[in-house]
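Raw upload.txt, compact mmCIF, C-alpha atoms:
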# COMPACT_ATOMS: atom_id res chain seq x y z
CA MET A 1 14.63 -23.97 12.60
CA ASP A 2 12.65 -23.61 9.35
CA GLU A 3 12.90 -26.55 7.01
CA MET A 4 15.43 -26.02 4.25
CA ASP A 5 15.63 -27.66 0.88
CA GLY A 6 19.13 -27.25 -0.51
CA GLU A 7 19.62 -24.06 -2.50
CA ASP A 8 15.93 -23.42 -2.79
CA GLY A 9 15.95 -21.79 0.63
CA PRO A 10 12.90 -21.74 2.86
CA LYS A 11 9.86 -23.48 1.56
CA HIS A 12 6.80 -21.32 0.88
CA GLU A 13 3.14 -22.15 0.79
CA ALA A 14 2.74 -20.97 -2.80
CA ASP A 15 -0.96 -21.81 -2.88
CA GLU A 16 -1.73 -19.47 0.03
CA PRO A 17 -3.84 -16.51 -1.16
CA ASP A 18 -2.31 -13.06 -1.00
CA GLU A 19 -4.27 -11.34 1.77
CA THR A 20 -2.74 -7.95 0.97
CA GLY A 21 -4.12 -7.79 -2.56
CA LEU A 22 -7.56 -9.02 -1.50
CA VAL A 23 -7.85 -6.56 1.40
CA SER A 24 -6.57 -3.67 -0.73
CA ILE A 25 -9.07 -4.36 -3.54
CA ALA A 26 -11.93 -4.84 -1.07
CA THR A 27 -11.06 -1.54 0.62
CA VAL A 28 -11.19 0.40 -2.67
CA PHE A 29 -14.62 -1.06 -3.56
CA LEU A 30 -15.92 -0.48 -0.03
CA ASN A 31 -14.86 3.17 -0.03
CA LYS A 32 -16.26 3.66 -3.54
CA GLY A 33 -19.55 2.18 -2.34
CA ILE A 34 -19.68 4.62 0.57
CA PHE A 35 -19.25 7.55 -1.81
CA GLN A 36 -21.29 6.23 -4.74
CA VAL A 37 -24.17 4.40 -3.07
CA TYR A 38 -24.63 6.45 0.10
CA LYS A 39 -23.54 9.80 -1.39
CA PHE A 40 -21.22 10.36 1.56
CA HIS A 41 -18.90 13.06 0.19
CA ALA A 42 -16.78 13.69 3.28
CA PRO A 43 -13.31 12.22 2.61
CA ALA A 44 -11.57 13.97 5.53
CA THR A 45 -14.20 12.64 7.93
CA LEU A 46 -13.63 9.08 6.70
CA VAL A 47 -9.86 9.51 7.07
CA ALA A 48 -10.31 10.92 10.60
CA GLY A 49 -12.38 7.83 11.46
CA GLN A 50 -9.66 5.55 10.07
CA MET A 51 -6.97 7.31 12.08
CA ALA A 52 -8.97 7.25 15.34
CA VAL A 53 -9.81 3.55 14.97
CA SER A 54 -6.18 2.74 14.07
CA VAL A 55 -4.83 4.44 17.21
CA GLY A 56 -7.43 2.85 19.48
CA SER A 57 -7.03 -0.63 17.95
CA ILE A 58 -3.24 -0.64 18.08
CA VAL A 59 -3.19 0.49 21.72
CA PHE A 60 -5.87 -2.09 22.64
CA MET A 61 -4.13 -4.98 20.85
CA ASN A 62 -0.80 -4.02 22.39
CA VAL A 63 -2.32 -4.03 25.89
CA CYS A 64 -3.94 -7.43 25.20
CA GLY A 65 -0.67 -8.84 23.87
CA VAL A 66 -2.05 -9.53 20.37
CA ILE A 67 0.71 -7.46 18.74
CA GLN A 68 4.04 -6.17 20.03
CA PRO A 69 4.96 -3.06 18.04
CA THR A 70 8.25 -1.26 18.53
CA LYS A 71 8.29 0.72 21.80
CA PHE A 72 7.08 4.29 21.34
CA CYS A 73 10.00 6.65 20.74
CA TRP A 74 9.57 10.44 20.74
CA LYS A 75 12.68 10.91 18.61
CA THR A 76 11.32 8.63 15.90
CA PHE A 77 7.85 10.15 16.26
CA LYS A 78 9.27 13.59 15.48
CA LYS A 79 11.21 12.17 12.52
CA VAL A 80 8.11 10.86 10.80
CA GLY A 81 6.30 14.23 10.88
CA LEU A 82 7.03 15.10 7.24
CA MET A 83 6.29 11.57 6.10
CA SER A 84 2.96 11.67 7.95
CA THR A 85 2.08 14.79 5.98
CA PHE A 86 2.45 12.77 2.77
CA PHE A 87 0.50 9.93 4.41
CA LEU A 88 -2.43 12.21 5.29
CA GLY A 89 -2.28 13.87 1.88
CA LYS A 90 -2.41 10.60 -0.01
CA LEU A 91 -5.31 9.29 2.09
CA VAL A 92 -7.49 12.40 1.78
CA LEU A 93 -6.68 12.84 -1.93
CA ASP A 94 -7.35 9.12 -2.48
CA MET A 95 -10.80 9.40 -0.94
CA ALA A 96 -11.62 12.65 -2.72
CA ALA A 97 -10.55 11.25 -6.11
CA LEU A 98 -12.42 7.96 -5.57
CA SER A 99 -15.63 9.87 -4.84
CA ILE A 100 -15.44 11.42 -8.35
CA VAL A 101 -13.55 9.03 -10.66
CA ASN A 102 -14.68 5.51 -11.63
CA ILE A 103 -12.55 2.64 -10.29
CA PRO A 104 -10.79 1.64 -13.57
CA MET A 105 -9.61 5.21 -14.22
CA TYR A 106 -8.77 5.64 -10.54
CA GLY A 107 -6.43 2.64 -10.84
CA VAL A 108 -4.89 4.00 -14.04
CA LEU A 109 -4.26 7.41 -12.51
CA LYS A 110 -2.88 5.88 -9.32
CA SER A 111 -0.41 3.86 -11.40
CA ALA A 112 1.30 7.22 -11.95
CA THR A 113 2.83 6.57 -8.52
CA THR A 114 5.50 4.44 -10.24
CA PRO A 115 6.80 7.11 -12.65
CA PHE A 116 6.65 9.65 -9.82
CA VAL A 117 8.82 7.35 -7.68
CA LEU A 118 11.30 7.00 -10.55
CA LEU A 119 11.34 10.79 -10.93
CA LEU A 120 11.96 11.35 -7.20
CA ASP A 121 14.71 8.72 -7.19
CA TRP A 122 16.35 10.50 -10.12
CA LEU A 123 16.04 13.96 -8.54
CA LEU A 124 16.96 13.04 -4.96
CA ARG A 125 19.32 10.10 -5.41
CA ALA A 126 20.55 10.50 -9.00
CA LYS A 127 19.33 6.94 -9.55
CA SER A 128 18.07 5.90 -12.99
CA ALA A 129 15.98 2.84 -13.81
CA THR A 130 17.03 0.34 -16.47
CA ARG A 131 15.93 0.90 -20.07
CA LYS A 132 13.35 -1.91 -19.90
CA ILE A 133 11.85 -0.52 -16.71
CA GLN A 134 11.61 2.92 -18.33
CA ILE A 135 9.84 1.45 -21.39
CA ALA A 136 7.37 -0.43 -19.15
CA VAL A 137 6.63 2.80 -17.26
CA MET A 138 6.20 4.66 -20.57
CA CYS A 139 3.72 1.96 -21.62
CA MET A 140 1.78 2.51 -18.37
CA THR A 141 1.80 6.28 -18.86
CA LEU A 142 0.80 6.14 -22.54
CA GLY A 143 -2.03 3.78 -21.64
CA GLY A 144 -3.20 6.25 -19.03
CA VAL A 145 -3.20 9.13 -21.53
CA ILE A 146 -5.15 7.08 -24.12
CA ALA A 147 -7.63 5.87 -21.48
CA GLY A 148 -8.17 9.44 -20.31
CA ALA A 149 -8.76 10.62 -23.89
CA GLY A 150 -11.53 8.04 -24.24
CA ASP A 151 -13.07 8.52 -20.79
CA LEU A 152 -16.62 9.78 -21.41
CA THR A 153 -17.03 10.42 -17.66
CA PHE A 154 -13.94 12.65 -17.58
CA ASP A 155 -13.86 15.05 -14.62
CA PRO A 156 -10.83 17.38 -14.48
CA LEU A 157 -11.04 17.80 -10.70
CA GLY A 158 -11.11 14.04 -10.17
CA TYR A 159 -8.08 13.58 -12.43
CA ILE A 160 -6.13 16.33 -10.65
CA LEU A 161 -6.94 14.86 -7.23
CA ALA A 162 -5.93 11.34 -8.33
CA LEU A 163 -2.62 12.52 -9.84
CA CYS A 164 -1.85 14.57 -6.72
CA SER A 165 -2.62 11.47 -4.66
CA ALA A 166 -0.20 9.45 -6.83
CA PHE A 167 2.53 12.01 -6.21
CA ALA A 168 1.83 12.05 -2.45
CA SER A 169 1.95 8.23 -2.49
CA ALA A 170 5.31 8.32 -4.27
CA ALA A 171 6.71 10.80 -1.75
CA TYR A 172 5.37 8.62 1.08
CA VAL A 173 6.92 5.45 -0.37
CA VAL A 174 10.31 7.14 -0.82
CA THR A 175 10.34 8.57 2.73
CA VAL A 176 9.07 5.34 4.32
CA GLY A 177 11.77 3.36 2.52
CA LYS A 178 14.42 5.75 3.82
CA LEU A 179 13.12 6.01 7.39
CA GLY A 180 12.21 2.32 7.64
CA ASP A 181 15.74 1.23 6.85
CA GLU A 182 17.25 3.88 9.15
CA THR A 183 15.04 3.40 12.21
CA ASN A 184 13.85 -0.24 11.94
CA VAL A 185 10.30 0.87 12.77
CA ASP A 186 7.76 -1.91 12.29
CA SER A 187 4.53 -1.45 10.36
CA PHE A 188 2.20 -1.09 13.34
CA ALA A 189 4.43 1.42 15.13
CA LEU A 190 4.66 3.40 11.90
CA LEU A 191 0.87 3.28 11.46
CA LEU A 192 0.49 4.49 15.06
CA TYR A 193 2.89 7.41 14.47
CA ASN A 194 1.18 8.30 11.18
CA SER A 195 -2.26 8.13 12.79
CA LEU A 196 -1.25 10.32 15.74
CA TRP A 197 0.08 12.95 13.32
CA SER A 198 -2.79 12.59 10.82
CA LEU A 199 -5.77 12.54 13.19
CA PRO A 200 -5.55 16.24 14.15
CA GLY A 201 -4.67 17.12 10.54
CA SER A 202 -7.76 15.38 9.19
CA ILE A 203 -9.94 17.09 11.82
CA VAL A 204 -8.56 20.47 10.71
CA LEU A 205 -9.44 19.57 7.10
CA MET A 206 -12.96 18.62 8.21
CA VAL A 207 -13.39 22.07 9.75
CA LEU A 208 -11.80 23.99 6.85
CA THR A 209 -13.97 22.24 4.24
CA ASN A 210 -17.09 22.39 6.45
CA GLU A 211 -17.72 18.66 5.99
CA LEU A 212 -19.70 18.44 9.22
CA GLY A 213 -22.05 21.19 8.03
CA LYS A 214 -22.65 19.44 4.69
CA MET A 215 -22.92 15.93 6.13
CA ASP A 216 -26.19 14.00 6.25
CA ILE A 217 -26.28 13.03 9.93
CA GLY A 218 -29.24 10.77 9.17
CA LEU A 219 -26.83 8.27 7.60
CA PHE A 220 -25.20 7.70 10.99
CA LEU A 221 -28.49 7.64 12.90
CA GLY A 222 -30.75 5.60 10.64
CA SER A 223 -28.72 3.46 8.23
CA ALA A 224 -27.28 0.26 9.68
CA PRO A 225 -25.67 -0.84 6.36
CA PHE A 226 -23.91 2.51 6.05
CA LEU A 227 -22.65 2.33 9.64
CA PHE A 228 -21.32 -1.18 8.98
CA CYS A 229 -19.49 -0.06 5.81
CA PHE A 230 -18.15 3.04 7.56
CA MET A 231 -16.73 1.03 10.48
CA ILE A 232 -15.15 -1.58 8.20
CA SER A 233 -13.57 1.23 6.19
CA CYS A 234 -12.24 2.74 9.41
CA LEU A 235 -10.61 -0.62 10.18
CA SER A 236 -9.14 -0.91 6.68
CA ALA A 237 -5.76 0.74 7.39
CA LEU A 238 -5.17 -1.63 10.30
CA LEU A 239 -6.37 -4.67 8.34
CA LEU A 240 -4.17 -3.82 5.37
CA ASN A 241 -1.07 -3.52 7.56
CA TYR A 242 -1.76 -6.85 9.25
CA ALA A 243 -2.51 -8.53 5.91
CA THR A 244 0.79 -7.24 4.52
CA TYR A 245 2.60 -8.73 7.50
CA LEU A 246 0.87 -12.11 7.12
CA CYS A 247 1.43 -12.17 3.36
CA THR A 248 5.14 -11.52 3.79
CA LEU A 249 5.45 -14.37 6.30
CA VAL A 250 3.62 -16.85 4.08
CA ASN A 251 5.33 -15.75 0.87
CA ASP A 252 8.18 -13.21 0.75
CA SER A 253 8.66 -9.47 0.33
CA LEU A 254 9.06 -9.78 -3.44
CA THR A 255 5.76 -11.64 -3.85
CA THR A 256 3.99 -9.01 -1.76
CA SER A 257 5.52 -6.27 -3.90
CA VAL A 258 4.61 -7.87 -7.23
CA VAL A 259 1.03 -8.67 -6.15
CA GLY A 260 0.72 -5.07 -4.95
CA ARG A 261 1.25 -4.00 -8.55
CA LEU A 262 -0.89 -6.66 -10.20
CA LYS A 263 -3.90 -6.16 -7.91
CA SER A 264 -4.71 -2.89 -9.73
CA ILE A 265 -5.36 -4.91 -12.91
CA VAL A 266 -7.91 -7.12 -11.12
CA GLN A 267 -9.37 -4.07 -9.41
CA GLY A 268 -9.84 -2.28 -12.75
CA ALA A 269 -11.45 -5.31 -14.40
CA PHE A 270 -14.07 -5.69 -11.66
CA GLY A 271 -14.53 -1.92 -11.51
CA LEU A 272 -15.74 -1.86 -15.12
CA PHE A 273 -19.02 -3.46 -14.04
CA ALA A 274 -19.36 -2.84 -10.29
CA PHE A 275 -21.14 0.52 -9.97
CA GLY A 276 -22.48 1.22 -13.46
CA ASP A 277 -20.51 4.46 -13.70
CA VAL A 278 -18.29 3.40 -16.61
CA ILE A 279 -19.34 4.37 -20.15
CA PHE A 280 -17.59 1.97 -22.50
CA HIS A 281 -15.58 3.46 -25.36
CA PRO A 282 -13.01 1.68 -27.57
CA THR A 283 -10.32 4.31 -26.92
CA ASN A 284 -10.83 4.09 -23.17
CA LEU A 285 -10.69 0.27 -23.20
CA LEU A 286 -7.54 0.33 -25.38
CA GLY A 287 -5.86 2.68 -22.91
CA LEU A 288 -6.88 0.52 -19.94
CA ALA A 289 -5.47 -2.57 -21.66
CA LEU A 290 -2.18 -0.81 -22.51
CA ASN A 291 -1.84 0.53 -18.96
CA SER A 292 -2.50 -2.95 -17.52
CA SER A 293 0.06 -4.46 -19.90
CA GLY A 294 2.64 -1.94 -18.73
CA ILE A 295 1.89 -2.76 -15.07
CA ALA A 296 2.18 -6.51 -15.71
CA TRP A 297 5.43 -6.06 -17.65
CA TYR A 298 6.86 -3.83 -14.92
CA ALA A 299 5.97 -6.41 -12.26
CA HIS A 300 7.63 -9.14 -14.34
CA LEU A 301 10.81 -7.08 -14.77
CA LYS A 302 10.98 -6.33 -11.03
CA TYR A 303 10.50 -10.02 -10.31
CA LYS A 304 13.35 -11.00 -12.64
CA GLU A 305 15.52 -8.21 -11.23
CA HIS A 306 15.18 -9.35 -7.63
CA VAL A 307 14.41 -13.07 -7.76
CA ASP A 308 18.03 -14.12 -7.18
CA ARG A 309 18.21 -12.22 -3.91
CA SER A 310 14.63 -12.79 -2.71
CA TYR A 311 14.11 -14.82 0.41
CA GLY A 312 11.37 -15.84 2.79
CA ILE A 313 11.10 -14.41 6.28
CA PRO A 314 10.93 -17.23 8.85
CA SER A 315 7.58 -17.30 10.59
CA SER A 316 9.35 -17.18 13.95
CA ILE A 317 10.25 -13.50 13.49
CA PRO A 318 7.72 -11.32 15.36
CA MET A 319 6.33 -8.06 14.00
CA LYS A 320 8.54 -5.96 16.23
CA ASP A 321 11.61 -7.43 14.51
CA MET A 322 10.42 -6.43 11.03
CA HIS A 323 10.31 -3.02 9.37
CA LEU A 324 8.88 -1.55 6.19
CA THR A 325 11.23 -1.22 3.26
CA ARG A 326 10.97 -0.36 -0.42
CA GLU A 327 10.69 -2.64 -3.43
CA GLY A 328 10.66 -0.05 -6.23
CA SER A 329 7.37 1.82 -5.85
CA GLN A 330 5.88 -0.70 -3.39
CA LEU A 331 6.36 -1.17 0.34
CA SER A 332 7.10 -4.56 1.88
CA PHE A 333 8.59 -6.04 5.05
CA ALA A 334 12.20 -6.81 5.87
CA ALA A 335 13.71 -8.34 8.99
CA ASN A 336 15.62 -5.94 11.25
CA MET A 337 18.38 -8.49 11.67
CA ARG A 338 20.68 -9.38 8.81
CA VAL A 339 19.06 -12.20 6.84
CA PRO A 340 21.41 -14.71 5.17
CA SER A 341 21.53 -15.00 1.40
CA ARG A 342 20.10 -18.06 -0.30
CA SER A 343 23.53 -19.65 -0.66
CA ASN A 344 24.29 -18.99 3.01
CA LEU A 345 20.93 -20.42 4.01
CA ALA A 346 21.78 -23.59 2.13
CA GLY A 347 25.15 -23.71 3.91
CA LEU A 348 23.52 -23.20 7.28
CA ALA A 349 21.08 -25.99 6.54
CA THR A 350 23.92 -28.32 5.62
CA VAL A 351 25.87 -27.48 8.78
CA SER A 352 22.77 -27.90 10.91
CA GLU A 353 22.08 -31.34 9.48
CA THR A 354 25.56 -32.49 10.54
CA GLY A 355 24.82 -31.39 14.11
CA ASN A 356 27.76 -28.94 14.27
CA ALA A 357 25.67 -25.74 14.49
CA HIS A 358 22.10 -24.42 14.58
CA ALA A 359 20.60 -21.84 12.24
CA HIS A 360 18.41 -19.29 13.98
Would you mind writing the file out in structure tokens?
Amino acid sequence: MDEMDGEDGPKHEADEPDETGLVSIATVFLNKGIFQVYKFHAPATLVAGQMAVSVGSIVFMNVCGVIQPTKFCWKTFKKVGLMSTFFLGKLVLDMAALSIVNIPMYGVLKSATTPFVLLLDWLLRAKSATRKIQIAVMCMTLGGVIAGAGDLTFDPLGYILALCSAFASAAYVVTVGKLGDETNVDSFALLLYNSLWSLPGSIVLMVLTNELGKMDIGLFLGSAPFLFCFMISCLSALLLNYATYLCTLVNDSLTTSVVGRLKSIVQGAFGLFAFGDVIFHPTNLLGLALNSSGIAWYAHLKYKEHVDRSYGIPSSIPMKDMHLTREGSQLSFAANMRVPSRSNLAGLATVSETGNAHAH
């Protein structure tokens, strides 16, 4: 049984770094480097590589007993078809936008995922956010508009691709939240289903856009650094899923969700200087600061909104007993079984200490 401490619930290792945020930020910079440094403008090819490596790695790790994803189910596989369309769309649009837009503006435009989620919730579920949440989202959006007005590297195609990616991400988050709660599919099984649907789709996009014909094959044959970056990028989807799982075990789903929002601020700050593709302008910097303030405020409001019902997931719960669920516009893990509330956890701890029962 996990150690309890009265009403504080399970103890967390608060000083443990958030692997999810670090892996997510590293992935963005790695992909940007592939496009910016090596001039590899083939987003569908990179996505196809990610999907192929994800399928192969999950199958291999399952055979070796490293992970135990939910058993493959054809009924569930068919259910996730539409969701996988959003998944493929967001990945390809992400890559295409990142190859054109600098990292700070990419983060600003991707923050539009949150208002898109609120819009979809309002349209599909007649659910409205609180007034404070709406104001925080307006602050994000206004910051994005101001930053765009001062962006001296403005590219309309890049902006359109990034906003379309944000909408596809919102649709993916909404559908994953719905299907995750209904089917109790764990993260690795869901990644496997998504990859099996998306691999042929990305190959079709490669053919339709003639990426193979435009590609510099010499990069694959004569550049070891590029090959290394390409393979690490192909592993990124798998690494991010595993990091999310580990982060949720060490912390809790709420921490993972909040850090998922705040990491874009760190990402934008480093992106200002990383590739030399940002032309500084006061209006642009003001917009970036306002957008970041809105993101931080939104994360704080979500934390306050959910802190009373947040809980840690005991480290004894395996991956197959956890599924993806929604925390606003972010995805996090939840246990398939019913998890006791904090007050019940305290009660269970008290009972266990008297030797009358055991909490599992």
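Coordinates place atom CA of Thr27 of chain A at a distance of 16.4 Å from atom CA of Ile100 of chain A.
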*Work out how far apart atom CA of Leu22 of chain A and atom CA of Gln50 of chain A are and give it in Å to one decimal.*
18.7 Å
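Distance-wise, atom CA of Leu123 of chain A and atom CA of Leu98 of chain A end up 29.2 Å apart.
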*Considering all atoms listed in the file, return as a ChimeraX atom specification whatever protein or nucleic-acid residues lie within 8 Å of segment 38-41 of chain A, sequence-local ones (same chain, fewer than 4 positions apart) excluded.*
/A:33-34,96,99,215-216,226
For the residues in the current selection, export C-alpha atoms as a PDB file, in the coordinates of the input.
ATOM      1  CA  GLY A  33     -19.550   2.180  -2.340  1.00  0.00           C
ATOM      2  CA  ILE A  34     -19.680   4.620   0.570  1.00  0.00           C
ATOM      3  CA  ALA A  96     -11.620  12.650  -2.720  1.00  0.00           C
ATOM      4  CA  SER A  99     -15.630   9.870  -4.840  1.00  0.00           C
ATOM      5  CA  MET A 215     -22.920  15.930   6.130  1.00  0.00           C
ATOM      6  CA  ASP A 216     -26.190  14.000   6.250  1.00  0.00           C
ATOM      7  CA  PHE A 226     -23.910   2.510   6.050  1.00  0.00           C
TER       8      PHE A 226
END
Do you know which residues are at most 12 Å from segment 293-297 of chain A counting only C-alpha atoms, after dropping those on the same chain fewer than 4 positions away, and could you put them as a compact mmCIF listing (two decimals) with C-alpha atoms, in the coordinates of the input?
# COMPACT_ATOMS: atom_id res chain seq x y z
CA GLY A 107 -6.43 2.64 -10.84
CA VAL A 108 -4.89 4.00 -14.04
CA LYS A 110 -2.88 5.88 -9.32
CA SER A 111 -0.41 3.86 -11.40
CA ALA A 112 1.30 7.22 -11.95
CA THR A 113 2.83 6.57 -8.52
CA THR A 114 5.50 4.44 -10.24
CA PRO A 115 6.80 7.11 -12.65
CA LYS A 132 13.35 -1.91 -19.90
CA ILE A 133 11.85 -0.52 -16.71
CA GLN A 134 11.61 2.92 -18.33
CA ILE A 135 9.84 1.45 -21.39
CA ALA A 136 7.37 -0.43 -19.15
CA VAL A 137 6.63 2.80 -17.26
CA MET A 138 6.20 4.66 -20.57
CA CYS A 139 3.72 1.96 -21.62
CA MET A 140 1.78 2.51 -18.37
CA THR A 141 1.80 6.28 -18.86
CA LEU A 142 0.80 6.14 -22.54
CA GLY A 143 -2.03 3.78 -21.64
CA GLY A 144 -3.20 6.25 -19.03
CA VAL A 258 4.61 -7.87 -7.23
CA VAL A 259 1.03 -8.67 -6.15
CA GLY A 260 0.72 -5.07 -4.95
CA ARG A 261 1.25 -4.00 -8.55
CA LEU A 262 -0.89 -6.66 -10.20
CA LYS A 263 -3.90 -6.16 -7.91
CA SER A 264 -4.71 -2.89 -9.73
CA ILE A 265 -5.36 -4.91 -12.91
CA VAL A 266 -7.91 -7.12 -11.12
CA GLY A 268 -9.84 -2.28 -12.75
CA LEU A 286 -7.54 0.33 -25.38
CA GLY A 287 -5.86 2.68 -22.91
CA LEU A 288 -6.88 0.52 -19.94
CA ALA A 289 -5.47 -2.57 -21.66
CA LEU A 301 10.81 -7.08 -14.77
CA LYS A 302 10.98 -6.33 -11.03
CA TYR A 303 10.50 -10.02 -10.31
CA LYS A 304 13.35 -11.00 -12.64
CA SER A 329 7.37 1.82 -5.85
Box centre and edge lengths (Å, one decimal), axis-aligned, segment 47-65 of chain A plus 3 Å each side, as lines of an AutoDock Vina configuration file:
center_x = -6.5
center_y = 1.0
center_z = 16.5
size_x = 17.7
size_y = 25.8
size_z = 24.8
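Residue nearest Tyr172 of chain A within the list A:Phe86, A:Gly150, A:Tyr242, A:Leu190: A:Phe86 [criterion: smallest interatomic distance, only C-alpha atoms].
Minimum atom-to-atom distance to Met51 of chain A, evaluated using all atoms listed in the file, belongs to A:Leu235 out of A:Leu235, A:Leu152, A:Leu124, A:Leu161.
Each of A:Leu285, A:Leu191, A:Ile217, A:Ala149 was checked against Leu240 of chain A using all atoms listed in the file; the smallest atom-to-atom distance is that of A:Leu191.
The smallest atom-to-atom distance between Gly56 of chain A and any of A:Ser223, A:Ser195, A:Asn31, A:Asn284, using all atoms listed in the file, is found for A:Ser195.
Here the question is which of A:Leu30, A:Ile203, A:Val117, A:Ala42 gets nearest to Pro225 of chain A using only C-alpha atoms, and that residue is A:Leu30.
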*Identify which of the residues A:Ser236, A:Ser292, A:Asn194, A:Thr153 lies closest to Val55 of chain A, counting all atoms listed in the file when measuring atom-to-atom distances.*
A:Asn194
